[in-house]
>>> print(open('start_3.csv').read())   # CSV, C-alpha atoms (C1' of nucleotides)
chain,number,residue,atom,x,y,z
A,1,MET,CA,28.0,-19.7,55.6
A,2,ARG,CA,24.4,-19.2,54.9
A,3,ALA,CA,24.9,-15.7,53.5
A,4,GLN,CA,27.6,-17.1,51.2
A,5,ARG,CA,25.4,-20.0,50.1
A,6,SER,CA,22.5,-17.8,49.2
A,7,LEU,CA,24.7,-15.2,47.4
A,8,VAL,CA,26.5,-17.8,45.4
A,9,ALA,CA,23.2,-19.5,44.5
A,10,ALA,CA,21.7,-16.2,43.4
A,11,MET,CA,24.7,-15.1,41.4
A,12,GLU,CA,25.2,-18.4,39.7
A,13,LYS,CA,21.6,-18.3,38.7
A,14,ASP,CA,22.0,-14.8,37.3
A,15,LEU,CA,24.9,-16.0,35.2
A,16,ARG,CA,23.2,-19.1,34.1
A,17,VAL,CA,20.1,-17.3,33.0
A,18,ALA,CA,22.3,-14.9,31.0
A,19,ASP,CA,24.0,-17.9,29.4
A,20,GLN,CA,27.3,-17.2,31.0
A,21,PRO,CA,29.8,-19.6,32.5
A,22,PRO,CA,29.9,-20.3,36.2
A,23,LEU,CA,31.3,-17.9,38.8
A,24,GLY,CA,34.6,-19.8,39.3
A,25,TRP,CA,35.6,-19.0,35.8
A,26,TYR,CA,35.4,-15.3,36.4
A,27,ASP,CA,37.8,-15.2,39.3
A,28,VAL,CA,40.5,-16.9,37.2
A,29,LEU,CA,39.9,-14.9,34.1
A,30,TRP,CA,39.9,-11.7,36.2
A,31,GLU,CA,43.2,-12.5,37.8
A,32,LEU,CA,44.7,-13.2,34.4
A,33,ASP,CA,43.2,-10.2,32.7
A,34,ARG,CA,44.7,-7.8,35.2
A,35,ALA,CA,48.1,-9.5,35.5
A,36,THR,CA,51.1,-8.3,33.5
A,37,ASP,CA,51.0,-9.8,30.0
A,38,GLY,CA,47.8,-11.6,31.0
A,39,ARG,CA,49.7,-14.5,32.4
A,40,LEU,CA,50.2,-16.1,35.8
A,41,ARG,CA,51.6,-19.3,37.2
A,42,PRO,CA,49.0,-21.7,38.5
A,43,TYR,CA,50.2,-21.3,42.0
A,44,GLU,CA,49.8,-17.6,41.8
A,45,ILE,CA,46.2,-18.0,40.7
A,46,GLU,CA,45.8,-20.4,43.6
A,47,GLU,CA,47.1,-17.9,46.1
A,48,ARG,CA,44.8,-15.2,44.8
A,49,THR,CA,41.6,-17.1,44.4
A,50,LEU,CA,42.2,-19.6,47.3
A,51,LEU,CA,41.0,-22.4,44.9
A,52,ALA,CA,42.4,-25.8,45.9
A,53,GLN,CA,45.3,-26.8,43.7
A,54,TYR,CA,43.7,-29.9,42.1
A,55,ASN,CA,40.6,-27.9,41.6
A,56,LEU,CA,42.3,-25.1,39.8
A,57,SER,CA,44.3,-27.5,37.7
A,58,ARG,CA,41.1,-28.9,36.3
A,59,LEU,CA,39.4,-25.5,36.0
A,60,ILE,CA,42.3,-24.5,33.8
A,61,ASP,CA,41.7,-27.6,31.7
A,62,ARG,CA,38.1,-26.4,31.2
A,63,LEU,CA,39.1,-22.9,30.4
A,64,GLU,CA,41.7,-24.2,28.0
A,65,LYS,CA,39.3,-26.5,26.3
A,66,GLU,CA,37.1,-23.5,25.6
A,67,GLY,CA,40.0,-21.5,24.3
A,68,LEU,CA,39.9,-18.9,27.0
A,69,VAL,CA,43.4,-19.5,28.3
A,70,ARG,CA,46.3,-21.5,27.0
A,71,ARG,CA,49.2,-23.1,28.9
A,72,GLU,CA,52.8,-22.3,28.0
A,73,THR,CA,56.0,-23.6,29.3
A,74,PHE,CA,57.9,-21.6,31.9
A,75,ASP,CA,61.5,-21.6,31.0
A,76,GLN,CA,63.0,-20.7,34.3
A,77,ASP,CA,61.6,-23.8,36.0
A,78,GLY,CA,60.7,-27.0,34.2
A,79,ARG,CA,58.0,-27.8,36.7
A,80,GLY,CA,56.2,-24.5,36.1
A,81,ARG,CA,53.7,-23.4,33.5
A,82,TRP,CA,52.3,-20.2,32.4
A,83,VAL,CA,48.6,-19.8,32.1
A,84,VAL,CA,47.9,-17.1,29.5
A,85,ILE,CA,44.6,-15.5,28.9
A,86,THR,CA,43.5,-15.4,25.2
A,87,GLU,CA,41.6,-12.6,23.5
A,88,LYS,CA,38.6,-14.7,23.6
A,89,GLY,CA,39.2,-15.1,27.3
A,90,ARG,CA,39.3,-11.4,27.8
A,91,ALA,CA,36.1,-11.0,25.8
A,92,VAL,CA,34.3,-13.7,27.8
A,93,ARG,CA,35.4,-12.1,31.1
A,94,ALA,CA,34.0,-8.7,30.0
A,95,ASP,CA,30.7,-10.3,29.0
A,96,MET,CA,30.5,-12.1,32.3
A,97,TRP,CA,31.2,-8.8,34.1
A,98,SER,CA,28.2,-7.2,32.5
A,99,VAL,CA,26.1,-9.7,34.2
A,100,TYR,CA,28.1,-10.4,37.4
A,101,GLY,CA,28.6,-6.7,38.2
A,102,ARG,CA,24.9,-6.1,38.0
A,103,SER,CA,24.4,-9.2,40.1
A,104,ILE,CA,26.8,-7.9,42.8
A,105,GLN,CA,25.0,-4.6,42.8
A,106,ALA,CA,21.6,-6.3,43.1
A,107,HIS,CA,22.5,-8.7,45.8
A,108,ILE,CA,25.0,-6.7,47.8
A,109,GLY,CA,25.0,-3.1,46.7
A,110,GLU,CA,21.3,-2.7,47.2
A,111,LYS,CA,21.5,-4.1,50.7
A,112,LEU,CA,24.6,-2.4,52.2
A,113,ASP,CA,25.8,1.1,51.8
A,114,LYS,CA,29.4,1.9,51.1
A,115,ALA,CA,30.5,2.2,54.7
A,116,GLU,CA,28.8,-1.0,55.7
A,117,ALA,CA,30.3,-2.8,52.8
A,118,ALA,CA,33.8,-1.5,53.8
A,119,THR,CA,33.2,-2.7,57.4
A,120,LEU,CA,32.1,-6.1,56.2
A,121,ALA,CA,35.1,-6.5,53.9
A,122,ALA,CA,37.5,-5.5,56.6
A,123,LEU,CA,36.0,-8.0,59.1
A,124,LEU,CA,36.1,-10.8,56.5
A,125,LEU,CA,39.6,-10.0,55.6
A,126,ARG,CA,40.6,-10.6,59.2
A,127,LEU,CA,39.2,-14.2,58.9
A,128,ARG,CA,41.7,-15.3,56.3
B,1,MET,CA,33.8,-15.7,49.2
B,2,ARG,CA,37.5,-16.1,50.0
B,3,ALA,CA,37.0,-15.8,53.7
B,4,GLN,CA,34.3,-18.5,53.5
B,5,ARG,CA,36.5,-20.7,51.4
B,6,SER,CA,39.4,-20.6,53.7
B,7,LEU,CA,37.2,-21.0,56.8
B,8,VAL,CA,35.4,-24.0,55.4
B,9,ALA,CA,38.7,-25.5,54.3
B,10,ALA,CA,40.2,-25.1,57.7
B,11,MET,CA,37.2,-26.4,59.6
B,12,GLU,CA,36.6,-29.3,57.4
B,13,LYS,CA,40.2,-30.2,57.9
B,14,ASP,CA,39.9,-29.9,61.7
B,15,LEU,CA,36.9,-32.3,61.5
B,16,ARG,CA,38.6,-34.7,59.2
B,17,VAL,CA,41.8,-34.9,61.3
B,18,ALA,CA,39.6,-35.7,64.3
B,19,ASP,CA,37.9,-38.4,62.3
B,20,GLN,CA,34.6,-36.6,62.3
B,21,PRO,CA,32.0,-36.4,59.5
B,22,PRO,CA,31.9,-33.3,57.2
B,23,LEU,CA,30.5,-30.0,58.2
B,24,GLY,CA,27.3,-30.3,56.3
B,25,TRP,CA,26.2,-33.1,58.5
B,26,TYR,CA,26.5,-30.9,61.6
B,27,ASP,CA,24.0,-28.3,60.3
B,28,VAL,CA,21.3,-30.9,59.7
B,29,LEU,CA,21.9,-32.8,63.0
B,30,TRP,CA,21.9,-29.6,64.9
B,31,GLU,CA,18.6,-28.4,63.5
B,32,LEU,CA,17.1,-31.8,64.3
B,33,ASP,CA,18.6,-32.0,67.7
B,34,ARG,CA,17.1,-28.7,68.8
B,35,ALA,CA,13.8,-29.2,67.1
B,36,THR,CA,10.7,-30.4,69.1
B,37,ASP,CA,10.8,-34.2,69.3
B,38,GLY,CA,14.0,-34.2,67.3
B,39,ARG,CA,12.1,-34.2,64.0
B,40,LEU,CA,11.6,-31.9,61.1
B,41,ARG,CA,10.2,-32.1,57.6
B,42,PRO,CA,12.9,-32.0,54.9
B,43,TYR,CA,11.6,-28.6,53.6
B,44,GLU,CA,12.0,-27.2,57.1
B,45,ILE,CA,15.6,-28.3,57.2
B,46,GLU,CA,16.1,-26.8,53.8
B,47,GLU,CA,14.8,-23.4,54.9
B,48,ARG,CA,17.0,-23.4,58.0
B,49,THR,CA,20.2,-24.5,56.4
B,50,LEU,CA,19.7,-23.1,52.9
B,51,LEU,CA,20.8,-26.4,51.4
B,52,ALA,CA,19.4,-27.1,48.0
B,53,GLN,CA,16.5,-29.5,48.0
B,54,TYR,CA,18.1,-32.3,45.9
B,55,ASN,CA,21.2,-31.8,48.0
B,56,LEU,CA,19.5,-32.2,51.3
B,57,SER,CA,17.6,-35.2,50.0
B,58,ARG,CA,20.8,-37.1,49.4
B,59,LEU,CA,22.5,-35.8,52.6
B,60,ILE,CA,19.6,-37.3,54.5
B,61,ASP,CA,20.2,-40.6,52.6
B,62,ARG,CA,23.8,-40.6,53.9
B,63,LEU,CA,22.7,-39.7,57.4
B,64,GLU,CA,20.1,-42.4,57.3
B,65,LYS,CA,22.6,-45.0,56.0
B,66,GLU,CA,24.8,-44.2,59.0
B,67,GLY,CA,21.8,-44.6,61.4
B,68,LEU,CA,22.0,-40.9,62.5
B,69,VAL,CA,18.5,-40.1,61.4
B,70,ARG,CA,15.5,-42.1,60.1
B,71,ARG,CA,12.7,-41.2,57.8
B,72,GLU,CA,9.1,-41.6,59.0
B,73,THR,CA,5.8,-41.1,57.2
B,74,PHE,CA,4.0,-37.8,57.8
B,75,ASP,CA,0.3,-38.6,58.2
B,76,GLN,CA,-1.2,-35.2,57.6
B,77,ASP,CA,0.2,-35.0,54.1
B,78,GLY,CA,1.1,-38.1,52.0
B,79,ARG,CA,3.8,-36.2,50.2
B,80,GLY,CA,5.6,-35.3,53.3
B,81,ARG,CA,8.2,-37.1,55.5
B,82,TRP,CA,9.5,-36.7,58.9
B,83,VAL,CA,13.2,-36.8,59.4
B,84,VAL,CA,13.9,-37.9,63.0
B,85,ILE,CA,17.3,-37.8,64.7
B,86,THR,CA,18.3,-41.0,66.5
B,87,GLU,CA,20.2,-41.4,69.7
B,88,LYS,CA,23.3,-42.1,67.7
B,89,GLY,CA,22.7,-39.0,65.7
B,90,ARG,CA,22.6,-36.9,68.9
B,91,ALA,CA,25.7,-38.5,70.1
B,92,VAL,CA,27.5,-37.9,66.8
B,93,ARG,CA,26.4,-34.3,66.8
B,94,ALA,CA,27.8,-33.8,70.3
B,95,ASP,CA,31.1,-35.4,69.3
B,96,MET,CA,31.3,-33.2,66.3
B,97,TRP,CA,30.6,-30.1,68.4
B,98,SER,CA,33.6,-30.8,70.6
B,99,VAL,CA,35.8,-30.4,67.5
B,100,TYR,CA,33.7,-27.9,65.6
B,101,GLY,CA,33.2,-25.6,68.5
B,102,ARG,CA,36.9,-25.4,69.2
B,103,SER,CA,37.5,-24.9,65.5
B,104,ILE,CA,35.1,-22.0,65.4
B,105,GLN,CA,36.9,-20.5,68.4
B,106,ALA,CA,40.3,-21.0,66.8
B,107,HIS,CA,39.4,-19.6,63.4
B,108,ILE,CA,36.9,-16.9,64.3
B,109,GLY,CA,36.9,-16.4,68.0
B,110,GLU,CA,40.6,-15.7,68.1
B,111,LYS,CA,40.3,-13.2,65.3
B,112,LEU,CA,37.3,-11.1,66.2
B,113,ASP,CA,36.1,-9.9,69.5
B,114,LYS,CA,32.5,-10.2,70.5
B,115,ALA,CA,31.4,-6.8,69.2
B,116,GLU,CA,33.1,-7.4,65.9
B,117,ALA,CA,31.5,-10.8,65.6
B,118,ALA,CA,28.1,-9.3,66.2
B,119,THR,CA,28.6,-6.6,63.6
B,120,LEU,CA,29.7,-9.2,61.1
B,121,ALA,CA,26.8,-11.4,61.8
B,122,ALA,CA,24.4,-8.5,61.5
B,123,LEU,CA,25.8,-7.4,58.1
B,124,LEU,CA,25.8,-10.9,56.8
B,125,LEU,CA,22.2,-11.4,57.9
B,126,ARG,CA,21.3,-8.4,55.7
B,127,LEU,CA,22.6,-10.3,52.7
B,128,ARG,CA,20.1,-13.1,52.8
C,1,DG,C1',-16.1,-33.6,40.7
C,2,DC,C1',-12.8,-33.4,37.6
C,3,DA,C1',-9.0,-31.1,35.2
C,4,DT,C1',-5.2,-28.1,36.1
C,5,DT,C1',-1.7,-26.4,38.7
C,6,DA,C1',1.2,-26.5,42.8
C,7,DT,C1',4.0,-28.8,46.4
C,8,DA,C1',7.1,-32.4,48.7
C,9,DG,C1',10.5,-35.2,48.0
C,10,DA,C1',13.5,-38.4,45.1
C,11,DT,C1',16.5,-39.6,41.3
C,12,DG,C1',19.2,-40.2,36.5
C,13,DC,C1',22.9,-38.3,34.6
C,14,DA,C1',26.7,-35.3,33.7
C,15,DT,C1',29.9,-32.6,35.9
C,16,DC,C1',32.7,-31.2,39.8
C,17,DT,C1',35.3,-31.9,44.1
C,18,DG,C1',38.3,-34.0,47.4
C,19,DC,C1',41.8,-37.1,48.8
C,20,DA,C1',45.6,-39.3,47.9
C,21,DT,C1',49.2,-39.9,45.0
C,22,DA,C1',51.9,-39.6,40.7
C,23,DT,C1',55.3,-37.2,38.0
C,24,DA,C1',58.7,-34.2,37.1
C,25,DA,C1',61.9,-30.8,38.3
C,26,DC,C1',64.3,-28.2,41.7
C,27,DT,C1',67.2,-27.4,46.1
C,28,DC,C1',70.2,-28.4,49.6
C,29,DC,C1',73.5,-30.7,52.2
C,30,DG,C1',77.3,-33.8,53.0
D,1,DC,C1',78.3,-35.1,42.6
D,2,DG,C1',74.3,-37.9,44.5
D,3,DG,C1',70.6,-38.8,47.4
D,4,DA,C1',66.9,-36.8,50.5
D,5,DG,C1',63.7,-33.8,50.8
D,6,DT,C1',60.7,-30.1,48.5
D,7,DT,C1',57.9,-27.7,45.2
D,8,DA,C1',54.8,-27.3,41.0
D,9,DT,C1',51.4,-29.4,38.6
D,10,DA,C1',48.5,-33.3,37.1
D,11,DT,C1',45.4,-37.3,37.7
D,12,DG,C1',42.7,-41.8,39.2
D,13,DC,C1',39.0,-42.8,41.7
D,14,DA,C1',35.3,-42.3,44.8
D,15,DG,C1',31.9,-39.5,46.3
D,16,DA,C1',29.2,-35.0,46.1
D,17,DT,C1',26.7,-31.5,43.4
D,18,DG,C1',23.7,-29.4,40.0
D,19,DC,C1',20.2,-29.6,36.6
D,20,DA,C1',16.3,-31.4,35.0
D,21,DT,C1',12.8,-34.3,35.6
D,22,DC,C1',9.9,-37.8,37.9
D,23,DT,C1',6.4,-39.6,41.1
D,24,DA,C1',3.0,-38.9,44.4
D,25,DT,C1',-0.1,-36.2,46.6
D,26,DA,C1',-2.6,-32.0,47.6
D,27,DA,C1',-5.0,-27.6,46.5
D,28,DT,C1',-7.6,-24.7,43.4
D,29,DG,C1',-10.8,-23.2,39.9
D,30,DC,C1',-14.6,-23.9,37.3
>>> encode(input="start_3.csv", output="structure tokens")
Amino acid sequence: MRAQRSLVAAMEKDLRVADQPPLGWYDVLWELDRATDGRLRPYEIEERTLLAQYNLSRLIDRLEKEGLVRRETFDQDGRGRWVVITEKGRAVRADMWSVYGRSIQAHIGEKLDKAEAATLAALLLRLR
Amino acid sequence: MRAQRSLVAAMEKDLRVADQPPLGWYDVLWELDRATDGRLRPYEIEERTLLAQYNLSRLIDRLEKEGLVRRETFDQDGRGRWVVITEKGRAVRADMWSVYGRSIQAHIGEKLDKAEAATLAALLLRLR
DNA sequence: GCATTATAGATGCATCTGCATATAACTCCG
DNA sequence: CGGAGTTATATGCAGATGCATCTATAATGC
């Protein structure tokens, strides 16, 4: 918990200093950017990011308001929506990565070697 | 991040279902309970829990309102305060532990053996 | 000894989160 | 088919968080 708290605090700060949006935005944009056709259903994003449903719903609102994603209807199921990343969304994600990637390197890469990082990732994966 | 998110969600839920206060309360009460005379300065709690200063300040407000801690003046430095745990605070911490401890066992203890847990803790410690 | 700077803690305000619940659409079973 | 239950997403409201800043006090430099 403490490690996570300090990493998040440090990385959020790196992003903020570089005038970039908060961390949460990245996860969603990244999932969309790598998805086929740059689109996912909200529940798919939810599964991948482990964001709470109501939380994601409003995060999408914010992304939409900034023009980084748009919602489209999902024809096969009237309850469903598509969330589609826009060109601007892809650009913002790439910008964010230039800061976030360096931040990960600084706060994690510098402190663990590849093998240790792999061990850590494997152990954490077991906790989900 | 995802492991932390899902663990916190699960543990908060365990606490809530058992009618116990949120996780953050525990950390503060625990630090106070084990401290000499059951008292610490806010900045000491901050260092130990890695809570943000403004965040802790208001968490103490809530604990105080519930009668779990009280603030006292700190004579050696007019800027400082003591945060002192009350008997009720100690009791609440103990109650919480009966739920939280089991929750840790269920969500972590069941999934990692002692050696793995030690490895994980050591790696995470390096990230702070 | 006074001005400057630093530290401890609190707080206004905007935003975010969490819970509960709403709404809408789908599925399934008799 | 029709109602009961289920799933996908959204939202009202209360409370928590984050940022910036404030107040009060202490330390430092000249």
>>> closest_residue(input="start_3.csv", among="B:Arg79, B:Arg71, B:His107, B:Arg2", to="chain C", atoms="all atoms listed in the file")
B:Arg79
>>> interface_residues(input="start_3.csv", of="chain C", to="chain B", cutoff="12 Å", atoms="only C-alpha atoms (C1' of nucleotides)", output="ChimeraX atom specification")
/C:7-11,18-19
>>> interface_residues(input="start_3.csv", of="chain A", to="chain B", cutoff="10 Å", atoms="only C-alpha atoms", output="number ranges by chain")
A: 1-9, 48-52, 107-112, 116-117, 119-128
>>> atom_distance(input="start_3.csv", atom1="atom C1' of DC26 of chain C", atom2="atom CA of Leu63 of chain A")
28.1 Å
>>> interface_residues(input="start_3.csv", of="chain D", to="chain A", cutoff="9 Å", atoms="only C-alpha atoms (C1' of nucleotides)", output="list of chain:residue names")
D:DT7, D:DA8, D:DT9, D:DA10, D:DT11
>>> atom_distance(input="start_3.csv", atom1="atom CA of Pro22 of chain B", atom2="atom CA of Glu46 of chain B")
17.4 Å
>>> closest_residue(input="start_3.csv", among="B:Ala35, B:Leu56, B:Ala115, B:Val17", to="Arg90 of chain B", atoms="only C-alpha atoms")
B:Ala35
>>> atom_distance(input="start_3.csv", atom1="atom CA of Val83 of chain B", atom2="atom CA of Val69 of chain B")
6.6 Å
>>> closest_residue(input="start_3.csv", among="A:Leu40, A:Ala91, A:Ile45, A:Met96", to="Thr73 of chain A", atoms="all atoms listed in the file")
A:Leu40
>>> residues_around(input="start_3.csv", residues="DG12 of chain D", least_positions_apart="6", cutoff="12 Å", atoms="all atoms listed in the file", output="list in words")
DC19, DA20, DT21 and DA22 of chain C
